[in-house]
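**Student:** Just passing along the structure, written as structure tokens.
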Amino acid sequence: MSAPKLFHLPLSRRRLVQSLTLTAAGLWAPGAFAELLTLTPGMTEGPFFPDKLPLDQDNDLIHITDHTTPAIGTITNIAGRVLDKNGNPVKDALVEIWQADDRGTYIHSKGAGSNTRDDGFQGYGRFETAKDGGWKFRTIKPGLYTGRTRHYHFGITLKGQPRFTSQLFFKDEPANEKDGVLRGIKDPQQLASVIREFKPVPDTKEFAATWDIVLGLTPRDA
């Protein structure tokens, strides 16, 4: 299985030809894809950002320290980079993820509804990027709840800057067509950039996708 692409490339014929030319030439220097990058759209933080953060806040949401039972659900692996608008990696960015568990419940005092939260699921994680801008999380496929399709919440915070929030969605998810947050993205390239295909990981029951988060700034702005 070929590895998922780290870049979201707009699908116009002209730009596709440009991207293939750059790839063939081996031009992977920072900024080489500047005109091809699509800025990640900002989206609502939502009502269920944890109002009490868990003690365990690492990037493996499947296993909680001192908890013997792993989280329930389909395991997913998400990795990517934080980039500026010129394609340069952003160092020391705090990347946060929060999501519903397999039952559609968040770690929030008002997020349970009639469900019982999975105590084996961390529900929130964080990762600080190194000089390559890279980040990764091991988590589960979010459960459904009324009014939303399956999605992950992401927050990216740079020193001295407010948190930038966005969301990540699953390709071919039936509820995507009726999700107001997702359909509120009017730019087709930005819409496509936050919908990813999660592919099976060979010899496992897990799935994986990559997603680069492109911020509308340059290092001078950070």
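Please note that chains go A, B, ... in the order of the structure tokens, that every chain numbers its residues from 1, and that ligands are numbered from 1 in the order shown.
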Please identify all polymer residues within 10 Å of Phe170 (chain A), counting only C-alpha atoms, omitting same-chain residues fewer than 4 positions from it, and present them as an MDAnalysis selection string.
**Tutor:** chainID A and resid 141:142 149:152 174:176 194:198 209
**Student:** Please list as a PyMOL selection string every residue within 7 Å of Gly134 (chain A), counting only C-alpha atoms and excluding residues in the same chain fewer than 6 positions away.
**Tutor:** chain A and resi 80-82
**Student:** Mind pulling up the distance from CA of Gly104 (chain A) to CA of Asp119 (chain A)?
**Tutor:** 12.9 Å
**Student:** Can you tell me, as a count of residues only, which residues in region 10-222 of chain A count as alpha helix (DSSP H) by DSSP?
**Tutor:** 23
**Student:** Which one is closest to Tyr124 (chain A): A:Gln161, A:Thr38, A:Thr139, A:Gln190? Count only C-alpha atoms.
**Tutor:**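 So, comparing all the options, the nearest one is A:Thr139.
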**Student:** Could you list, as a PyMOL selection string, every residue within 10 Å of Glu96 (chain A), counting only C-alpha atoms and ignoring same-chain residues fewer than 2 positions away?
**Tutor:** chain A and resi 57-59+93-94+98+124-128+135+137+153-157+163+165
